[in-house]
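Colleague: Data file entry_34.txt (compact mmCIF, C-alpha atoms) is appended below.
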```txt
# COMPACT_ATOMS: atom_id res chain seq x y z
CA GLY A 15 136.54 112.49 121.11
CA GLU A 16 137.19 109.31 119.11
CA LEU A 17 138.34 111.20 115.99
CA GLU A 18 140.76 113.27 118.06
CA GLU A 19 142.21 110.11 119.55
CA ILE A 20 142.70 108.62 116.08
CA ALA A 21 144.21 111.84 114.73
CA LEU A 22 146.73 112.06 117.57
CA LYS A 23 147.84 108.49 116.93
CA ALA A 24 148.01 108.90 113.17
CA PHE A 25 149.64 112.31 113.01
CA PHE A 26 151.90 112.34 116.07
CA ILE A 27 154.22 115.39 115.99
CA GLY A 28 157.64 115.52 117.64
CA GLY A 29 158.80 111.94 117.25
CA ARG A 30 162.11 110.85 115.85
CA LYS A 31 162.53 110.97 112.12
CA ASP A 32 162.78 107.20 111.93
CA GLU A 33 159.71 106.66 114.12
CA GLU A 34 157.00 104.80 112.25
CA ILE A 35 153.73 106.70 111.93
CA PRO A 36 150.77 104.29 111.98
CA SER A 37 148.49 104.21 108.96
CA ILE A 38 145.23 106.12 109.53
CA HIS A 39 143.42 103.22 107.86
CA LYS A 40 144.94 100.72 110.28
CA VAL A 41 144.02 102.84 113.30
CA VAL A 42 140.41 103.19 112.13
CA SER A 43 140.22 99.50 111.21
CA ASP A 44 141.59 98.40 114.59
CA LYS A 45 139.10 100.62 116.41
CA THR A 46 136.21 99.33 114.28
CA ASP A 47 137.18 95.72 114.98
CA LYS A 48 137.36 96.49 118.71
CA ASP A 49 133.91 98.18 118.67
CA ILE A 50 132.35 95.25 116.81
CA LYS A 51 133.89 92.74 119.22
CA GLU A 52 132.67 94.68 122.27
CA ARG A 53 129.15 94.97 120.81
CA GLU A 54 129.01 91.24 120.05
CA GLU A 55 130.17 90.44 123.57
CA ARG A 56 127.42 92.67 125.02
CA GLU A 57 124.79 91.04 122.82
CA THR A 58 125.80 87.52 123.84
CA THR A 59 125.79 88.36 127.55
CA VAL A 60 122.47 90.23 127.54
CA GLU A 61 119.41 88.16 126.73
CA PHE A 62 116.33 90.04 125.63
CA SER A 63 112.91 88.42 125.53
CA VAL A 64 110.04 90.53 124.19
CA GLU A 65 107.47 88.50 126.13
CA ASN A 66 109.42 88.72 129.40
CA GLU A 67 109.98 92.44 128.87
CA ILE A 68 106.25 93.03 128.39
CA GLU A 69 105.53 91.17 131.63
CA ARG A 70 108.17 93.23 133.44
CA VAL A 71 106.71 96.53 132.22
CA LYS A 72 103.13 95.43 133.03
CA ALA A 73 104.24 94.77 136.61
CA ILE A 74 105.89 98.21 136.83
CA LEU A 75 102.78 99.93 135.45
CA SER A 76 100.64 98.02 137.93
CA LEU A 77 102.77 99.14 140.88
CA GLY A 78 103.17 102.67 139.55
CA VAL A 79 106.71 102.98 140.94
CA PHE A 80 109.46 104.11 138.57
CA GLU A 81 112.94 103.83 140.08
CA GLU A 82 114.68 106.00 137.47
CA GLN A 83 112.23 108.91 137.84
CA LYS A 84 114.13 112.20 138.06
CA SER A 85 113.26 115.03 140.44
CA ASN A 86 112.08 117.25 137.57
CA GLN A 87 109.77 114.58 136.14
CA THR A 88 106.22 113.78 137.19
CA THR A 89 105.08 110.21 137.72
CA GLU A 90 102.51 110.75 134.97
CA GLN A 91 105.27 111.75 132.56
CA VAL A 92 107.49 108.73 133.28
CA ARG A 93 104.46 106.44 133.18
CA SER A 94 103.73 107.68 129.66
CA TYR A 95 107.20 106.51 128.59
CA TYR A 96 106.43 102.99 129.82
CA LEU A 97 103.00 103.05 128.18
CA ALA A 98 104.48 103.96 124.79
CA TYR A 99 107.22 101.35 125.22
CA ILE A 100 104.90 98.46 126.00
CA LEU A 101 102.47 99.41 123.22
CA GLY A 102 105.30 99.45 120.68
CA LEU A 103 106.58 96.05 121.81
CA SER A 104 103.18 94.41 122.03
CA GLY A 105 101.64 95.61 118.76
CA GLY A 106 104.53 96.71 116.57
CA ARG A 107 102.75 99.82 115.32
CA ARG A 108 104.55 102.97 114.23
CA PHE A 109 105.17 105.88 116.61
CA THR A 110 102.52 108.21 115.17
CA GLU A 111 99.98 105.39 114.82
CA ILE A 112 100.25 104.62 118.53
CA PHE A 113 100.15 108.28 119.53
CA LYS A 114 97.35 109.45 117.25
CA THR A 115 95.90 107.54 114.31
CA SER A 116 95.43 103.84 115.04
CA ALA A 117 92.60 102.15 116.91
CA ILE A 118 91.48 98.57 117.47
CA GLU A 119 88.01 97.69 116.26
CA LYS A 120 86.01 94.49 115.98
CA ALA A 121 85.30 93.31 112.44
CA LYS A 122 83.76 90.04 111.24
CA GLY A 123 84.64 88.01 114.31
CA THR A 124 88.18 89.34 114.63
CA TYR A 125 89.93 92.57 115.59
CA VAL A 126 91.59 94.99 113.18
CA TYR A 127 93.71 98.10 113.36
CA THR A 128 92.25 101.15 111.71
CA GLY A 129 94.16 104.38 111.06
CA ILE A 130 97.16 102.61 109.55
CA LEU A 131 99.62 105.09 108.02
CA LYS A 132 101.67 104.84 104.81
CA LYS A 133 98.76 103.42 102.86
CA SER A 134 97.43 104.73 99.58
CA ARG A 135 93.75 105.61 99.26
CA ASN A 136 93.18 102.61 97.02
CA SER A 137 94.61 100.02 99.41
CA ARG A 138 92.99 98.43 102.42
CA MET A 139 93.28 100.61 105.51
CA LYS A 140 92.79 97.81 108.02
CA ILE A 141 95.03 94.98 109.19
CA GLU A 142 94.38 92.17 111.62
CA VAL A 143 95.49 92.74 115.22
CA ASN A 144 98.13 90.34 116.54
CA LEU A 145 99.29 91.33 120.02
CA ILE A 146 102.13 89.91 122.08
CA GLY A 147 101.59 89.70 125.84
CA LEU A 148 98.60 92.06 126.10
CA THR A 149 94.89 91.53 125.75
CA ILE A 150 92.87 93.80 123.48
CA LYS A 151 91.42 95.43 126.59
CA GLU A 152 94.85 96.10 128.13
CA TYR A 153 96.19 97.53 124.88
CA ARG A 154 93.21 99.87 124.48
CA THR A 155 93.43 101.00 128.11
CA TYR A 156 97.14 101.80 127.86
CA GLN A 157 96.66 103.62 124.56
CA ARG A 158 93.81 105.76 125.91
CA GLU A 159 95.91 106.72 128.93
CA LEU A 160 98.93 107.62 126.80
CA ARG A 161 96.85 109.76 124.43
CA LYS A 162 95.18 111.51 127.32
CA TYR A 163 98.61 112.50 128.62
CA ILE A 164 99.80 113.67 125.18
CA ASP A 165 96.64 115.72 124.70
CA LYS A 166 97.23 117.34 128.09
CA LYS A 167 100.84 118.21 127.24
CA LEU A 168 99.82 119.76 123.92
CA LYS A 169 97.19 121.94 125.59
CA GLU A 170 99.65 123.04 128.29
CA LYS A 171 101.91 124.37 125.53
CA LYS A 172 98.92 126.14 123.97
CA ARG A 173 99.16 124.01 120.84
CA GLU A 174 96.33 122.22 119.11
CA SER A 175 94.65 119.29 120.82
CA LEU A 176 95.72 115.77 119.89
CA GLU A 177 92.63 115.52 117.72
CA ASP A 178 93.58 118.59 115.69
CA ILE A 179 97.37 118.29 115.40
CA ASN A 180 98.86 116.50 112.39
CA VAL A 181 101.13 113.46 112.59
CA ASN A 182 104.23 115.33 111.45
CA LYS A 183 103.97 117.70 114.41
CA ILE A 184 103.40 114.77 116.77
CA ASN A 185 106.61 113.25 115.50
CA THR A 186 108.55 116.53 115.75
CA ILE A 187 107.39 117.36 119.28
CA PHE A 188 107.60 113.95 120.95
CA SER A 189 109.81 111.52 119.01
CA LYS A 190 113.16 112.55 120.50
CA VAL A 191 111.87 112.36 124.07
CA TYR A 192 110.35 108.92 123.59
CA ASN A 193 113.32 107.59 121.62
CA ASN A 194 115.52 108.46 124.61
CA ALA A 195 112.97 106.93 126.98
CA VAL A 196 112.97 103.64 125.07
CA LYS A 197 116.74 103.47 125.30
CA ARG A 198 116.64 104.09 129.08
CA ILE A 199 113.82 101.65 129.81
CA SER A 200 115.49 98.88 127.78
CA ASP A 201 118.83 99.56 129.47
CA GLY A 202 120.33 100.47 126.10
CA ARG A 203 119.28 97.26 124.36
CA ILE A 204 116.76 99.08 122.13
CA PRO A 205 118.21 102.36 120.79
CA ASN A 206 115.02 104.02 119.53
CA PHE A 207 111.26 103.69 119.25
CA HIS A 208 111.20 102.23 115.73
CA ASP A 209 113.37 99.32 116.87
CA LEU A 210 110.44 98.19 119.04
CA ARG A 211 108.72 97.35 115.73
CA HIS A 212 111.67 95.20 114.67
CA HIS A 213 111.69 93.27 117.96
CA TYR A 214 107.93 92.79 117.70
CA THR A 215 108.24 91.46 114.14
CA GLY A 216 110.84 88.85 115.02
CA VAL A 217 108.70 87.34 117.78
CA ALA A 218 105.29 87.87 116.15
CA THR A 219 106.41 86.05 113.00
CA ASP A 220 106.93 82.88 115.03
CA LEU A 221 103.75 83.35 117.08
CA PHE A 222 101.32 84.22 114.28
CA GLN A 223 102.64 82.38 111.23
CA ARG A 224 99.85 80.48 109.49
CA GLU A 225 100.15 77.01 108.01
CA GLY A 226 101.65 77.17 104.54
CA GLU A 227 102.66 80.81 104.98
CA SER A 228 106.29 81.85 104.48
CA GLU A 229 108.04 84.06 107.03
CA ARG A 230 108.07 86.90 104.51
CA GLU A 231 104.32 86.58 103.94
CA THR A 232 103.66 86.56 107.69
CA ARG A 233 105.72 89.71 108.21
CA TYR A 234 104.01 91.42 105.28
CA ARG A 235 100.61 90.58 106.79
CA ILE A 236 101.27 91.56 110.42
CA LEU A 237 103.15 94.77 109.55
CA GLY A 238 100.55 95.91 107.04
CA HIS A 239 103.05 97.10 104.45
CA GLU A 240 101.91 98.62 101.18
CA GLU A 241 104.32 96.56 99.11
CA LYS A 242 106.10 93.30 99.88
CA VAL A 243 109.38 94.96 98.94
CA ASP A 244 108.96 97.13 102.08
CA THR A 245 108.94 94.00 104.20
CA THR A 246 112.07 92.71 102.44
CA LYS A 247 113.85 95.98 103.23
```
Starting from the file, lay out its structure as structure tokens.

Modeller:
Amino acid sequence: GELEEIALKAFFIGGRKDEEIPSIHKVVSDKTDKDIKEREERETTVEFSVENEIERVKAILSLGVFEEQKSNQTTEQVRSYYLAYILGLSGGRRFTEIFKTSAIEKAKGTYVYTGILKKSRNSRMKIEVNLIGLTIKEYRTYQRELRKYIDKKLKEKKRESLEDINVNKINTIFSKVYNNAVKRISDGRIPNFHDLRHHYTGVATDLFQREGESERETRYRILGHEEKVDTTK
């Protein structure tokens, strides 16, 4: 595709001897500049608000009507895409945490996530819950429904139940499907599931920053990273 186009321009055969052959570097550079300019133009014309998007998806889930549903897809299947999408935007948790390991529990007058991944045994395994646009009850309800669907799909394929399967298999079986779903639902503005976590972080930092706390410290706290260097990355 694109490489062929570049090659044809750079290595044109059959021209006159004195015909100037464009530099391959210039062709690639010109194309890169054009791609960057087009992307920047798209980003400036398309506004994306996490809070508005959550409200939009809540309304769709409430109505239960999905316009882009294909003939070979069930309503339950497409609904699961929206459930995963809104959970990722609202809570910023990782794919496998949403699908299997994490839960919200009450602790000392607040709510915490349990089942946080990428933590060593010696570190705290709980972080405070900070949700955007959903109540604790709504988040739990959506998560239960999503997991019920995933458990059903696993059993249909004669695999282990959701309770028995490990997180690596969850990722292998479902990540590609839900990455593509996120891209469709967001109309291409969010390319994959993990980017939901980035959008969440940007908004949640402003919403949940404590007095005297730096932005970096807020992100470290709400993401639940093992090391502060992870947040910097």

Colleague: Quick check, in Å to one decimal: how far apart do atom CA of A:Thr46 and atom CA of A:Glu16 lie?

Modeller: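 Going from atom CA of A:Thr46 over to atom CA of A:Glu16 covers 11.1 Å.
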
Colleague: Between atom CA of A:Gly202 and atom CA of A:Asn144, what is the spacing in Å?

Modeller: 26.2 Å

Colleague: Out of A:Leu210, A:Leu131, A:Val181, A:Ile118, which residue has the shortest atom-to-atom distance to A:Ser63 when counting only C-alpha atoms?

Modeller: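 Between A:Leu210, A:Leu131, A:Val181, A:Ile118, the residue approaching A:Ser63 most closely is A:Leu210.
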
Colleague: Contacts of A:Val196 at 6 Å or less, counting all atoms listed in the file, minus same-chain residues fewer than 3 places along, as a ChimeraX atom specification?

Modeller: /A:193,199,206

Colleague: Taking C-alpha atoms for each residue, export the selection above as an mmCIF file, in the frame of the given file.

Modeller:
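File written: again-v7.cif
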```cif
data_model
loop_
_atom_site.group_PDB
_atom_site.id
_atom_site.type_symbol
_atom_site.label_atom_id
_atom_site.label_comp_id
_atom_site.auth_asym_id
_atom_site.auth_seq_id
_atom_site.Cartn_x
_atom_site.Cartn_y
_atom_site.Cartn_z
ATOM 1 C CA ASN A 193 113.320 107.590 121.620
ATOM 2 C CA ILE A 199 113.820 101.650 129.810
ATOM 3 C CA ASN A 206 115.020 104.020 119.530
#
```

Colleague: What is the atom CA of A:Asn194-atom CA of A:Gln87 distance in Å, reported with one decimal?

Modeller: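 We find that atom CA of A:Asn194 and atom CA of A:Gln87 lie 14.3 Å from each other.
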
Colleague: So, with only C-alpha atoms as the atoms that count, which of A:Ser228, A:Gln83, A:Thr115, A:Ser200 lies closest to A:His213?

Modeller: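 Among A:Ser228, A:Gln83, A:Thr115, A:Ser200, it is A:Ser200 that comes nearest to A:His213.
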
Colleague: For A:Glu82, which residue out of A:Glu159, A:Glu19, A:Asp201, A:Glu69 is the nearest one, using all atoms listed in the file?

Modeller: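 Of the candidates, the smallest distance to A:Glu82 is held by A:Asp201.
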
Colleague: Using only C-alpha atoms, which protein or nucleic acid residues come within 9 Å of A:Leu237? Drop anything in the same chain fewer than 3 positions from it, and give the result as a VMD selection string.

Modeller: chain A and resid 106 to 107 141 211 215 232 to 234 245

Colleague: Go through A:Ala21, A:Ala218, A:Ile164, A:Leu75 one by one, measure the shortest atom-to-atom distance of each to A:Thr110 using all atoms listed in the file, and give the residue with the smallest value.

Modeller: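 Using all atoms listed in the file, the shortest distance to A:Thr110 belongs to A:Ile164.
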
Colleague: Let me make sure I understand: among A:Phe80, A:Tyr153, A:Phe62, A:Tyr125, which one has the smallest atom-to-atom distance to A:Ile112 if we use only C-alpha atoms?

Modeller: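 Result for the nearest residue to A:Ile112: A:Tyr153.
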
Colleague: Might you pull out every residue within 12 Å of A:Gln91, with all atoms listed in the file counted and same-chain residues fewer than 2 positions away left off, and present them as a compact mmCIF listing (two decimals) with C-alpha atoms, keeping the file's coordinate frame?

Modeller:
```txt
# COMPACT_ATOMS: atom_id res chain seq x y z
CA GLY A 78 103.17 102.67 139.55
CA PHE A 80 109.46 104.11 138.57
CA GLN A 83 112.23 108.91 137.84
CA LYS A 84 114.13 112.20 138.06
CA SER A 85 113.26 115.03 140.44
CA ASN A 86 112.08 117.25 137.57
CA GLN A 87 109.77 114.58 136.14
CA THR A 88 106.22 113.78 137.19
CA THR A 89 105.08 110.21 137.72
CA ARG A 93 104.46 106.44 133.18
CA SER A 94 103.73 107.68 129.66
CA TYR A 95 107.20 106.51 128.59
CA TYR A 96 106.43 102.99 129.82
CA LEU A 97 103.00 103.05 128.18
CA ALA A 98 104.48 103.96 124.79
CA GLU A 159 95.91 106.72 128.93
CA LEU A 160 98.93 107.62 126.80
CA ARG A 161 96.85 109.76 124.43
CA LYS A 162 95.18 111.51 127.32
CA TYR A 163 98.61 112.50 128.62
CA ILE A 164 99.80 113.67 125.18
CA LYS A 166 97.23 117.34 128.09
CA LYS A 167 100.84 118.21 127.24
CA VAL A 191 111.87 112.36 124.07
CA TYR A 192 110.35 108.92 123.59
CA ALA A 195 112.97 106.93 126.98
```
